[in-house]
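upload_35.cif, holding mmCIF, C-alpha atoms and all ligand atoms:
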```cif
data_model
#
loop_
_atom_site.label_atom_id
_atom_site.label_comp_id
_atom_site.auth_asym_id
_atom_site.auth_seq_id
_atom_site.Cartn_x
_atom_site.Cartn_y
_atom_site.Cartn_z
CA MET G 1 117.88 58.66 118.06
CA ASN G 2 114.32 59.42 119.15
CA LYS G 3 113.51 62.91 117.96
CA THR G 4 111.40 65.21 120.11
CA ARG G 5 108.22 65.93 118.19
CA TRP G 6 107.53 69.63 118.63
CA GLY G 7 104.36 71.64 118.34
CA ILE G 8 104.40 75.44 118.25
CA LEU G 9 101.55 77.37 119.84
CA GLY G 10 101.12 80.76 118.16
CA THR G 11 102.42 81.89 114.78
CA GLY G 12 104.09 85.26 115.46
CA THR G 13 107.66 86.55 115.28
CA ILE G 14 109.32 84.31 117.83
CA ALA G 15 107.33 81.26 116.75
CA ALA G 16 108.91 81.58 113.30
CA LYS G 17 112.40 81.98 114.80
CA PHE G 18 111.95 78.89 116.96
CA ALA G 19 110.75 76.91 113.92
CA LEU G 20 113.94 77.96 112.13
CA GLY G 21 116.01 77.02 115.19
CA LEU G 22 114.49 73.53 115.23
CA ARG G 23 115.84 72.86 111.73
CA ALA G 24 119.41 72.93 113.07
CA ALA G 25 118.68 70.50 115.94
CA ASP G 26 119.38 66.84 115.07
CA ASP G 27 117.16 65.57 117.87
CA ALA G 28 114.06 67.65 117.07
CA GLU G 29 111.37 67.94 114.44
CA LEU G 30 108.48 70.32 114.00
CA VAL G 31 105.32 68.25 113.54
CA ALA G 32 102.42 70.59 114.34
CA VAL G 33 101.33 74.16 114.89
CA GLY G 34 98.33 75.63 116.67
CA SER G 35 96.84 79.04 115.96
CA ARG G 36 93.70 81.01 116.66
CA SER G 37 92.68 80.47 113.05
CA ARG G 38 93.00 77.65 110.52
CA GLU G 39 94.29 80.03 107.89
CA THR G 40 97.31 81.22 109.90
CA ALA G 41 97.97 77.71 111.18
CA GLU G 42 98.08 76.35 107.63
CA ALA G 43 100.22 79.20 106.34
CA PHE G 44 102.74 78.69 109.17
CA ALA G 45 102.72 74.90 108.77
CA GLY G 46 103.31 75.25 105.03
CA GLU G 47 106.15 77.72 105.47
CA HIS G 48 107.92 75.78 108.22
CA GLY G 49 107.22 72.21 107.17
CA ALA G 50 104.85 71.11 109.96
CA ALA G 51 102.68 68.13 108.98
CA ARG G 52 99.61 69.27 110.93
CA ALA G 53 97.93 72.65 111.36
CA HIS G 54 95.45 73.06 114.21
CA ALA G 55 92.82 75.80 114.21
CA THR G 56 92.79 76.07 118.00
CA TYR G 57 95.41 75.86 120.72
CA GLY G 58 93.36 73.15 122.45
CA GLU G 59 93.57 70.89 119.38
CA LEU G 60 97.35 71.23 119.37
CA ALA G 61 97.50 70.40 123.08
CA GLY G 62 95.50 67.24 122.39
CA ASP G 63 97.55 66.10 119.36
CA PRO G 64 98.86 62.61 120.26
CA GLU G 65 101.78 62.97 117.80
CA VAL G 66 103.26 65.90 119.75
CA ASP G 67 105.72 65.45 122.66
CA ALA G 68 106.55 69.05 123.53
CA ILE G 69 104.89 72.39 122.89
CA TYR G 70 106.62 75.74 122.61
CA VAL G 71 104.27 78.48 123.87
CA ALA G 72 104.88 81.63 121.79
CA THR G 73 101.93 83.91 122.53
CA PRO G 74 101.89 87.35 124.24
CA HIS G 75 102.83 87.26 127.95
CA VAL G 76 99.24 87.50 129.19
CA LEU G 77 98.40 84.16 127.58
CA HIS G 78 101.35 82.13 128.89
CA ARG G 79 99.51 80.91 131.97
CA GLU G 80 96.35 79.84 130.15
CA ASN G 81 98.18 78.30 127.18
CA THR G 82 100.65 76.43 129.39
CA LEU G 83 97.86 75.04 131.57
CA THR G 84 96.05 73.84 128.41
CA CYS G 85 99.19 72.05 127.21
CA ILE G 86 99.84 70.49 130.62
CA ALA G 87 96.25 69.25 130.70
CA GLY G 88 96.96 67.64 127.31
CA GLY G 89 99.92 65.82 128.86
CA LYS G 90 102.54 67.76 126.91
CA ALA G 91 105.99 68.90 127.93
CA VAL G 92 106.03 72.71 127.76
CA LEU G 93 108.70 75.24 126.88
CA CYS G 94 107.04 78.59 127.61
CA GLU G 95 108.38 81.91 126.32
CA LYS G 96 109.66 84.57 128.70
CA PRO G 97 108.31 86.09 130.81
CA PHE G 98 107.05 82.74 132.06
CA ALA G 99 103.99 84.43 133.56
CA MET G 100 102.61 87.89 134.28
CA ASN G 101 103.50 87.59 137.96
CA ALA G 102 104.84 85.08 140.48
CA ARG G 103 101.36 83.94 141.49
CA GLU G 104 100.57 82.82 137.94
CA GLY G 105 103.98 81.18 137.68
CA GLU G 106 103.43 79.23 140.90
CA GLU G 107 100.10 77.96 139.56
CA MET G 108 101.76 76.76 136.33
CA VAL G 109 104.58 75.01 138.19
CA ALA G 110 102.12 73.36 140.58
CA ALA G 111 100.02 72.13 137.65
CA ALA G 112 103.05 70.58 135.92
CA ARG G 113 104.26 68.96 139.13
CA SER G 114 100.83 67.56 139.96
CA VAL G 115 100.77 65.55 136.73
CA GLY G 116 104.54 64.99 136.44
CA THR G 117 104.99 66.98 133.22
CA PHE G 118 108.11 68.74 132.01
CA LEU G 119 108.02 72.54 132.18
CA CYS G 120 110.63 75.22 131.46
CA GLU G 121 110.84 78.95 130.73
CA ALA G 122 112.32 79.65 127.29
CA MET G 123 115.09 81.94 128.54
CA TRP G 124 117.07 81.06 125.40
CA THR G 125 120.18 83.10 126.35
CA ARG G 126 120.92 80.65 129.18
CA PHE G 127 121.35 77.80 126.71
CA LEU G 128 123.79 79.55 124.36
CA PRO G 129 127.40 78.27 124.27
CA ALA G 130 128.71 81.72 125.27
CA THR G 131 126.46 81.85 128.34
CA ARG G 132 127.43 78.30 129.32
CA ARG G 133 131.06 79.42 129.07
CA VAL G 134 130.33 82.38 131.38
CA ARG G 135 128.97 79.94 133.98
CA GLU G 136 132.08 77.74 133.61
CA LEU G 137 134.35 80.77 134.05
CA LEU G 138 132.49 81.89 137.17
CA THR G 139 132.58 78.40 138.67
CA SER G 140 136.28 77.95 137.94
CA GLY G 141 137.15 81.27 139.60
CA ALA G 142 138.56 82.79 136.40
CA ILE G 143 137.66 86.29 137.61
CA GLY G 144 137.70 85.60 141.34
CA GLU G 145 134.55 86.55 143.19
CA PRO G 146 132.02 88.47 141.05
CA ARG G 147 131.39 91.83 142.75
CA GLN G 148 129.54 93.87 140.16
CA LEU G 149 127.31 93.23 137.17
CA ASP G 150 126.42 95.90 134.63
CA CYS G 151 123.71 94.89 132.19
CA ASP G 152 121.43 96.87 129.91
CA PHE G 153 118.78 95.89 127.41
CA GLY G 154 117.07 98.78 125.69
CA PHE G 155 115.82 99.11 122.13
CA ARG G 156 113.95 101.85 120.34
CA THR G 157 110.63 101.07 118.75
CA GLU G 158 107.81 103.38 117.69
CA LEU G 159 104.97 103.84 120.12
CA ASP G 160 102.10 101.52 119.17
CA PRO G 161 99.42 101.78 121.89
CA LYS G 162 97.67 98.59 120.70
CA GLY G 163 100.85 96.56 120.23
CA ARG G 164 102.02 93.97 122.78
CA LEU G 165 104.99 96.15 123.85
CA PHE G 166 102.77 99.05 124.97
CA ASP G 167 99.28 97.73 125.65
CA PRO G 168 98.82 96.92 129.37
CA ALA G 169 96.13 94.39 128.39
CA LEU G 170 98.84 92.43 126.53
CA GLY G 171 101.41 92.81 129.33
CA GLY G 172 103.27 95.73 127.68
CA GLY G 173 106.39 97.30 129.16
CA ALA G 174 110.15 97.00 128.87
CA LEU G 175 110.74 95.11 132.12
CA LEU G 176 108.72 92.02 131.19
CA ASP G 177 109.88 92.10 127.58
CA VAL G 178 113.64 92.70 127.90
CA GLY G 179 114.44 93.72 131.48
CA ILE G 180 113.81 90.11 132.44
CA TYR G 181 117.00 89.18 130.57
CA CYS G 182 118.99 91.46 132.90
CA VAL G 183 117.26 90.19 136.04
CA ALA G 184 117.84 86.59 134.93
CA TYR G 185 121.50 87.32 134.15
CA ALA G 186 122.03 88.79 137.60
CA ARG G 187 120.41 85.69 139.12
CA MET G 188 122.80 83.50 137.15
CA VAL G 189 125.93 85.45 138.12
CA PHE G 190 125.19 85.90 141.82
CA GLY G 191 123.26 82.66 142.40
CA SER G 192 120.56 84.07 144.64
CA ALA G 193 117.78 86.62 144.85
CA PRO G 194 118.92 90.14 145.74
CA ALA G 195 118.78 91.22 149.38
CA GLN G 196 117.79 94.75 148.34
CA VAL G 197 116.14 96.15 145.21
CA GLN G 198 116.09 99.85 144.33
CA SER G 199 114.69 101.21 141.09
CA THR G 200 113.04 104.00 139.16
CA ALA G 201 110.95 103.93 135.98
CA HIS G 202 109.45 106.19 133.38
CA ILE G 203 105.85 105.10 132.81
CA GLY G 204 104.74 106.20 129.33
CA GLU G 205 101.41 107.40 128.05
CA THR G 206 99.94 103.90 127.70
CA GLY G 207 100.61 103.25 131.38
CA VAL G 208 103.54 100.81 131.07
CA ASP G 209 107.28 101.18 131.72
CA GLU G 210 109.14 102.56 128.70
CA GLN G 211 112.43 102.94 130.54
CA SER G 212 113.74 101.93 133.93
CA ALA G 213 116.92 101.42 135.92
CA TYR G 214 117.40 99.08 138.85
CA LEU G 215 120.09 98.33 141.37
CA PHE G 216 120.35 95.07 143.32
CA ARG G 217 122.49 94.43 146.39
CA TYR G 218 123.30 90.88 147.43
CA ASP G 219 124.09 89.52 150.89
CA SER G 220 127.78 89.39 149.94
CA GLY G 221 127.74 93.14 149.22
CA ALA G 222 127.95 92.53 145.45
CA LEU G 223 125.89 94.88 143.24
CA ALA G 224 124.05 94.57 139.94
CA ARG G 225 123.24 97.74 137.95
CA MET G 226 120.68 97.21 135.21
CA SER G 227 118.32 99.00 132.86
CA SER G 228 115.75 98.27 130.19
CA ALA G 229 113.81 100.30 127.64
CA THR G 230 111.49 100.07 124.65
CA ARG G 231 111.97 103.66 123.42
CA THR G 232 115.74 103.99 123.85
CA GLU G 233 118.45 101.95 122.16
CA THR G 234 121.22 100.95 124.57
CA PRO G 235 124.38 98.82 124.04
CA HIS G 236 123.00 95.41 125.25
CA ARG G 237 126.21 94.70 127.07
CA VAL G 238 127.07 92.72 130.18
CA THR G 239 130.19 93.39 132.24
CA ILE G 240 130.97 91.16 135.19
CA SER G 241 133.68 92.64 137.40
CA GLY G 242 135.35 90.23 139.80
CA THR G 243 138.05 90.44 142.43
CA GLU G 244 140.57 88.99 139.96
CA GLY G 245 139.32 89.95 136.53
CA SER G 246 136.35 90.66 134.32
CA ILE G 247 134.10 89.18 131.66
CA GLU G 248 132.49 91.36 129.03
CA VAL G 249 129.64 90.00 126.95
CA PRO G 250 128.76 92.11 123.90
CA ASP G 251 125.13 91.73 122.81
CA PHE G 252 124.71 89.47 125.82
CA TRP G 253 121.17 88.26 125.09
CA GLN G 254 122.32 86.68 121.79
CA ALA G 255 126.00 86.36 122.70
CA LYS G 256 128.53 84.83 120.34
CA GLU G 257 131.68 86.12 121.96
CA LEU G 258 133.17 87.06 125.31
CA ILE G 259 136.10 89.18 126.40
CA VAL G 260 137.67 87.36 129.35
CA ASN G 261 140.34 89.29 131.21
CA GLY G 262 141.00 91.23 127.99
CA GLU G 263 141.15 88.18 125.68
CA ARG G 264 138.44 87.68 123.06
CA GLU G 265 136.79 84.24 122.88
CA ARG G 266 134.35 83.18 120.16
CA HIS G 267 131.43 80.90 120.95
CA PRO G 268 129.24 80.54 117.86
CA TYR G 269 125.85 78.96 118.20
CA LEU G 270 124.00 76.41 116.11
CA GLY G 271 121.34 77.62 113.71
CA ASN G 272 119.84 80.90 114.87
CA GLY G 273 120.60 80.15 118.53
CA TYR G 274 117.09 79.03 119.50
CA THR G 275 118.33 75.56 118.53
CA HIS G 276 120.12 75.20 121.87
CA GLU G 277 117.05 75.56 124.08
CA ALA G 278 115.21 73.01 121.94
CA MET G 279 118.14 70.58 122.21
CA ALA G 280 118.31 71.05 125.99
CA VAL G 281 114.61 70.21 126.31
CA GLY G 282 115.12 67.12 124.13
CA GLU G 283 118.00 65.98 126.33
CA ALA G 284 116.00 66.61 129.52
CA LEU G 285 113.04 64.63 128.16
CA ALA G 286 115.31 61.77 127.10
CA ALA G 287 116.73 61.69 130.64
CA GLY G 288 113.23 61.67 132.15
CA ALA G 289 113.79 65.07 133.80
CA LEU G 290 110.84 67.36 134.56
CA GLU G 291 112.77 70.60 134.19
CA CYS G 292 115.97 71.94 132.61
CA ALA G 293 119.06 72.34 134.81
CA GLU G 294 119.92 75.55 132.91
CA VAL G 295 116.67 77.27 133.96
CA PRO G 296 115.28 75.55 137.06
CA LEU G 297 111.65 76.29 137.84
CA GLU G 298 112.44 77.61 141.33
CA GLU G 299 114.75 80.14 139.71
CA THR G 300 112.07 81.15 137.21
CA LEU G 301 109.70 81.79 140.14
CA GLU G 302 112.32 83.71 142.09
CA ILE G 303 112.95 85.94 139.07
CA ALA G 304 109.17 86.47 138.72
CA ARG G 305 109.07 87.62 142.38
CA THR G 306 111.87 90.11 141.71
CA LEU G 307 109.96 91.44 138.66
CA ASP G 308 106.87 91.79 140.86
CA GLU G 309 108.91 93.72 143.40
CA LEU G 310 110.22 96.12 140.75
CA ARG G 311 106.73 96.74 139.35
CA GLY G 312 105.47 97.21 142.89
CA GLN G 313 107.99 100.03 143.36
CA TRP G 314 106.60 101.75 140.26
CA GLY G 315 102.92 101.12 141.03
CA LEU G 316 102.65 99.24 137.72
CA ARG G 317 99.86 96.67 137.84
CA TYR G 318 98.34 94.57 135.08
CA PRO G 319 94.83 93.13 134.89
CA ALA G 320 96.41 89.73 135.69
CA ASP G 321 97.52 91.09 139.07
CA GLY G 322 93.88 91.44 140.14
CA ALA G 323 92.36 94.13 142.30
CA ILE G 324 94.44 95.69 145.09
CA SER G 325 93.13 94.23 148.33
N1 LIG U 401 113.13 84.61 123.25
C1 LIG U 401 113.13 85.65 122.47
O1 LIG U 401 114.13 86.04 121.87
C2 LIG U 401 111.86 86.38 122.27
C3 LIG U 401 111.78 87.33 121.26
C4 LIG U 401 110.57 87.92 121.03
C5 LIG U 401 109.49 87.60 121.83
N2 LIG U 401 109.59 86.69 122.81
C6 LIG U 401 108.41 86.37 123.65
O2 LIG U 401 107.52 85.59 122.86
C7 LIG U 401 106.17 85.99 123.10
C8 LIG U 401 105.53 86.36 121.76
O3 LIG U 401 106.23 87.46 121.20
P1 LIG U 401 106.18 87.76 119.62
O4 LIG U 401 107.10 88.91 119.41
O5 LIG U 401 106.40 86.53 118.84
O6 LIG U 401 104.67 88.25 119.49
P2 LIG U 401 103.79 88.34 118.16
O7 LIG U 401 104.65 88.46 116.96
O8 LIG U 401 102.76 89.38 118.41
O9 LIG U 401 103.09 86.91 118.07
C9 LIG U 401 102.28 86.43 119.10
C10 LIG U 401 101.37 85.33 118.54
O10 LIG U 401 100.50 84.94 119.60
C11 LIG U 401 99.20 84.67 119.10
N3 LIG U 401 98.20 85.47 119.82
C12 LIG U 401 97.19 84.98 120.57
N4 LIG U 401 96.46 85.97 121.08
C13 LIG U 401 96.98 87.12 120.65
C14 LIG U 401 96.63 88.48 120.84
N5 LIG U 401 95.60 88.85 121.59
N6 LIG U 401 97.37 89.41 120.24
C15 LIG U 401 98.44 89.06 119.50
N7 LIG U 401 98.83 87.78 119.27
C16 LIG U 401 98.09 86.82 119.85
C17 LIG U 401 99.22 84.96 117.62
O11 LIG U 401 99.33 83.72 116.96
P3 LIG U 401 98.03 83.05 116.30
O12 LIG U 401 97.31 84.15 115.59
O13 LIG U 401 98.60 82.04 115.42
O14 LIG U 401 97.20 82.45 117.39
C18 LIG U 401 100.47 85.79 117.40
O15 LIG U 401 101.04 85.57 116.15
C19 LIG U 401 106.24 87.14 124.12
O16 LIG U 401 105.90 86.66 125.40
C20 LIG U 401 107.68 87.61 124.08
O17 LIG U 401 108.16 88.05 125.36
C21 LIG U 401 110.74 86.08 123.04
#
```
Serialized structure, structure tokens:
Amino acid sequence: MNKTRWGILGTGTIAAKFALGLRAADDAELVAVGSRSRETAEAFAGEHGAARAHATYGELAGDPEVDAIYVATPHVLHRENTLTCIAGGKAVLCEKPFAMNAREGEEMVAAARSVGTFLCEAMWTRFLPATRRVRELLTSGAIGEPRQLDCDFGFRTELDPKGRLFDPALGGGALLDVGIYCVAYARMVFGSAPAQVQSTAHIGETGVDEQSAYLFRYDSGALARMSSATRTETPHRVTISGTEGSIEVPDFWQAKELIVNGERERHPYLGNGYTHEAMAVGEALAAGALECAEVPLEETLEIARTLDELRGQWGLRYPADGAIS
């Protein structure tokens, strides 16, 4: 079996989790890491068993021994880092949110398509066995027609004005950090963009959303009720109510079990769960695909447009959005 030779761009929290996830994937190996400094690159490479440590992201993008790069930097850098990797001819798995706004996302997708390079948003929940099972259940009609989704993703963290969760310059805010999981789940369940979006948000002292709630209506009349927060812990639960039953997904973003029409099902994942997105990329590359069927690029862009619409309703703009014309 040809293993996908991975490089990781950035050495923070999720970069370390992805490195751990790769260890449980038979078809993947971590070969290189890129950081803003040689010291952190070498420390990460030593800890996670990467053969090469690059002192710049550009060097990693140009490493001929790397097939695919996982972009694990703060949101505001996803566009720039992804474009660098595409220019280096690398397949890219870019952390969520794919981009700061739909316009950036469209530019990234266009760049990948222009050179025929693989690109995918690392919406890892989509690749988990439990989430795949939810899709199977919906397709097979196990709960009839889905009519309502309830989904929340809120956690409580201390206010850190310079941290990436609160600093507007780093793309702070709950919607782009965790609300995107809810918006993406709704897209998966209902299979289209919402026809109507209504929402309200509490914008905190650093100028980004600390808590919000949003309601989507679809053409069919189905509804999705969602919320996200960075200063309030919430249950992290999905409930899909259909005409003939329901699916509950405890801890939906890292789901290991479902309750289907009252019956509990267990769906453990490999490694720490991040293994599955890496394996899906490996399979897509082996098949010569330029995107992953689980998270198609058009869907990523559609979700980005919905996030833009929500932020528009709150008047929340980031430097990446540019000046209001
Ligand atoms: N899928 C998931 O479960 C999940 C979970 C958490 C986060 N994420 C996503 O992953 C991305 C990174 O999140 P994280 O929690 O890993 O962040 P983090 O711990 O702050 O790490 C980000 C890394 O990016 C690099 N970086 C480059 N410029 C930076 C800057 N100006 N400030 C801070 N770091 C900078 C740094 O690596 P170097 O110093 O090596 O360059 C840093 O270690 C975010 O977009 C987030 O939404 C996804």
Segment 49-58 of chain G: which residues within 12 Å, counting only C-alpha atoms, same-chain residues fewer than 4 positions away excluded, as an mmCIF file with C-alpha atoms, in the coordinates of the input?
```cif
data_model
loop_
_atom_site.group_PDB
_atom_site.id
_atom_site.type_symbol
_atom_site.label_atom_id
_atom_site.label_comp_id
_atom_site.auth_asym_id
_atom_site.auth_seq_id
_atom_site.Cartn_x
_atom_site.Cartn_y
_atom_site.Cartn_z
ATOM 1 C CA ARG G 5 108.220 65.930 118.190
ATOM 2 C CA TRP G 6 107.530 69.630 118.630
ATOM 3 C CA GLY G 7 104.360 71.640 118.340
ATOM 4 C CA ILE G 8 104.400 75.440 118.250
ATOM 5 C CA LEU G 9 101.550 77.370 119.840
ATOM 6 C CA GLY G 10 101.120 80.760 118.160
ATOM 7 C CA THR G 11 102.420 81.890 114.780
ATOM 8 C CA ALA G 16 108.910 81.580 113.300
ATOM 9 C CA ALA G 19 110.750 76.910 113.920
ATOM 10 C CA LEU G 20 113.940 77.960 112.130
ATOM 11 C CA LEU G 22 114.490 73.530 115.230
ATOM 12 C CA ARG G 23 115.840 72.860 111.730
ATOM 13 C CA GLU G 29 111.370 67.940 114.440
ATOM 14 C CA LEU G 30 108.480 70.320 114.000
ATOM 15 C CA VAL G 31 105.320 68.250 113.540
ATOM 16 C CA ALA G 32 102.420 70.590 114.340
ATOM 17 C CA VAL G 33 101.330 74.160 114.890
ATOM 18 C CA GLY G 34 98.330 75.630 116.670
ATOM 19 C CA SER G 35 96.840 79.040 115.960
ATOM 20 C CA ARG G 36 93.700 81.010 116.660
ATOM 21 C CA SER G 37 92.680 80.470 113.050
ATOM 22 C CA ARG G 38 93.000 77.650 110.520
ATOM 23 C CA GLU G 39 94.290 80.030 107.890
ATOM 24 C CA THR G 40 97.310 81.220 109.900
ATOM 25 C CA ALA G 41 97.970 77.710 111.180
ATOM 26 C CA GLU G 42 98.080 76.350 107.630
ATOM 27 C CA ALA G 43 100.220 79.200 106.340
ATOM 28 C CA PHE G 44 102.740 78.690 109.170
ATOM 29 C CA ALA G 45 102.720 74.900 108.770
ATOM 30 C CA GLY G 62 95.500 67.240 122.390
ATOM 31 C CA ASP G 63 97.550 66.100 119.360
ATOM 32 C CA PRO G 64 98.860 62.610 120.260
ATOM 33 C CA GLU G 65 101.780 62.970 117.800
ATOM 34 C CA VAL G 66 103.260 65.900 119.750
ATOM 35 C CA ILE G 69 104.890 72.390 122.890
ATOM 36 C CA TYR G 70 106.620 75.740 122.610
ATOM 37 C CA VAL G 71 104.270 78.480 123.870
ATOM 38 C CA ALA G 72 104.880 81.630 121.790
ATOM 39 C CA THR G 73 101.930 83.910 122.530
ATOM 40 C CA LEU G 77 98.400 84.160 127.580
ATOM 41 C CA HIS G 78 101.350 82.130 128.890
ATOM 42 C CA GLU G 80 96.350 79.840 130.150
ATOM 43 C CA ASN G 81 98.180 78.300 127.180
ATOM 44 C CA THR G 82 100.650 76.430 129.390
ATOM 45 C CA LEU G 83 97.860 75.040 131.570
ATOM 46 C CA THR G 84 96.050 73.840 128.410
ATOM 47 C CA CYS G 85 99.190 72.050 127.210
ATOM 48 C CA ILE G 86 99.840 70.490 130.620
ATOM 49 C CA ALA G 87 96.250 69.250 130.700
ATOM 50 C CA GLY G 88 96.960 67.640 127.310
ATOM 51 C CA GLY G 89 99.920 65.820 128.860
ATOM 52 C CA LYS G 90 102.540 67.760 126.910
#
```
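Among G:Cys120, G:Ala224, G:Leu176, G:Ile303, the residue with the shortest atom-to-atom distance to Arg164 of chain G, counting only C-alpha atoms, is G:Leu176.
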Checklist entry - For Asp26 of chain G, which residue among G:His75, G:Arg225, G:His276, G:His236 is the nearest when counting only C-alpha atoms? => result G:His276
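Each of G:Arg311, G:Arg79, G:Arg147, G:Lys256 was compared to ligand LIG 401 (chain U) using only C-alpha atoms and all ligand atoms, and G:Arg79 turns out to be the nearest.
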Checklist entry - With distances taken over only C-alpha atoms, which of G:Val281, G:Val189, G:Leu175, G:Ala304 is nearest to Tyr218 of chain G? => result G:Val189
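The neighbours of Thr275 of chain G here are the residues that come within 8 Å of it, using only C-alpha atoms and leaving out any residue fewer than 5 positions away in the same chain; they are Phe18, Gly21, Leu22, Arg23, Ala24, Ala25 and Leu270 of chain G.
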Checklist outcome for this item: A straight line from atom CA of Ile143 of chain G to atom CA of Gly242 of chain G spans 5.1 Å
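Between atom CA of Ala195 of chain G and atom CA of Gly221 of chain G there is a distance of 9.2 Å.
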Checklist entry - Which polymer residues have any atom within 10 Å of an atom of segment 123-137 of chain G, counting only C-alpha atoms, with same-chain residues fewer than 3 positions away left out, as a PyMOL selection string? => result chain G and resi 93-98+120+140-144+180-181+184-185+188-189+240+247-249+252-258+260+265-270+273-280+292+294-295+300
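Among G:Ala169, G:Val115, G:Ala110, G:Leu138, the residue with the shortest atom-to-atom distance to ligand LIG 401 (chain U), counting all atoms listed in the file, is G:Ala169.
Nearest residue to Gly288 of chain G, choosing from G:Gly105, G:Phe118, G:Cys182, G:Thr13 and counting only C-alpha atoms: G:Phe118.
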Centre and size of axis-aligned box enclosing ligand LIG 401 (chain U) plus 4 Å each side, as JSON:
```
{"center_x": 104.9, "center_y": 85.7, "center_z": 120.4, "size_x": 26.5, "size_y": 15.4, "size_z": 18.0}
```
Checklist entry - In file coordinates, which residues lie within 9 Å of (117.9, 88.6, 142.8) using all atoms listed in the file, given as a count of residues only? => result 19
Checklist entry - In Å to one decimal, how far is atom CA of Leu223 of chain G from atom CA of Thr139 of chain G? => result 18.4 Å
Output as a PDB file, keeping the file's coordinate frame: segment 95-110 of chain G, completed with N, CA and C atoms.
```
ATOM      1  N   GLU G  95     107.590  80.683 126.526  1.00  0.00           N
ATOM      2  CA  GLU G  95     108.380  81.910 126.320  1.00  0.00           C
ATOM      3  C   GLU G  95     108.476  82.760 127.595  1.00  0.00           C
ATOM      4  N   LYS G  96     109.481  83.623 127.598  1.00  0.00           N
ATOM      5  CA  LYS G  96     109.660  84.570 128.700  1.00  0.00           C
ATOM      6  C   LYS G  96     108.783  85.790 128.447  1.00  0.00           C
ATOM      7  N   PRO G  97     108.312  86.485 129.419  1.00  0.00           N
ATOM      8  CA  PRO G  97     108.310  86.090 130.810  1.00  0.00           C
ATOM      9  C   PRO G  97     107.374  84.898 130.997  1.00  0.00           C
ATOM     10  N   PHE G  98     107.812  83.964 131.817  1.00  0.00           N
ATOM     11  CA  PHE G  98     107.050  82.740 132.060  1.00  0.00           C
ATOM     12  C   PHE G  98     105.582  83.040 132.360  1.00  0.00           C
ATOM     13  N   ALA G  99     105.358  84.079 133.143  1.00  0.00           N
ATOM     14  CA  ALA G  99     103.990  84.430 133.560  1.00  0.00           C
ATOM     15  C   ALA G  99     103.936  85.929 133.816  1.00  0.00           C
ATOM     16  N   MET G 100     102.749  86.463 134.023  1.00  0.00           N
ATOM     17  CA  MET G 100     102.610  87.890 134.280  1.00  0.00           C
ATOM     18  C   MET G 100     103.100  88.276 135.676  1.00  0.00           C
ATOM     19  N   ASN G 101     103.057  87.316 136.588  1.00  0.00           N
ATOM     20  CA  ASN G 101     103.500  87.590 137.960  1.00  0.00           C
ATOM     21  C   ASN G 101     103.838  86.248 138.617  1.00  0.00           C
ATOM     22  N   ALA G 102     104.404  86.303 139.803  1.00  0.00           N
ATOM     23  CA  ALA G 102     104.840  85.080 140.480  1.00  0.00           C
ATOM     24  C   ALA G 102     103.662  84.169 140.798  1.00  0.00           C
ATOM     25  N   ARG G 103     102.522  84.781 141.134  1.00  0.00           N
ATOM     26  CA  ARG G 103     101.360  83.940 141.490  1.00  0.00           C
ATOM     27  C   ARG G 103     100.945  83.050 140.316  1.00  0.00           C
ATOM     28  N   GLU G 104     100.888  83.628 139.118  1.00  0.00           N
ATOM     29  CA  GLU G 104     100.570  82.820 137.940  1.00  0.00           C
ATOM     30  C   GLU G 104     101.619  81.741 137.726  1.00  0.00           C
ATOM     31  N   GLY G 105     102.885  82.136 137.886  1.00  0.00           N
ATOM     32  CA  GLY G 105     103.980  81.180 137.680  1.00  0.00           C
ATOM     33  C   GLY G 105     103.873  80.004 138.638  1.00  0.00           C
ATOM     34  N   GLU G 106     103.556  80.302 139.891  1.00  0.00           N
ATOM     35  CA  GLU G 106     103.430  79.230 140.900  1.00  0.00           C
ATOM     36  C   GLU G 106     102.311  78.262 140.509  1.00  0.00           C
ATOM     37  N   GLU G 107     101.233  78.813 139.976  1.00  0.00           N
ATOM     38  CA  GLU G 107     100.100  77.960 139.560  1.00  0.00           C
ATOM     39  C   GLU G 107     100.532  77.028 138.420  1.00  0.00           C
ATOM     40  N   MET G 108     101.306  77.570 137.472  1.00  0.00           N
ATOM     41  CA  MET G 108     101.760  76.760 136.330  1.00  0.00           C
ATOM     42  C   MET G 108     102.707  75.651 136.789  1.00  0.00           C
ATOM     43  N   VAL G 109     103.621  76.002 137.684  1.00  0.00           N
ATOM     44  CA  VAL G 109     104.580  75.010 138.190  1.00  0.00           C
ATOM     45  C   VAL G 109     103.835  73.924 138.978  1.00  0.00           C
ATOM     46  N   ALA G 110     102.879  74.341 139.796  1.00  0.00           N
ATOM     47  CA  ALA G 110     102.120  73.360 140.580  1.00  0.00           C
ATOM     48  C   ALA G 110     101.348  72.418 139.667  1.00  0.00           C
TER      49      ALA G 110
END
```
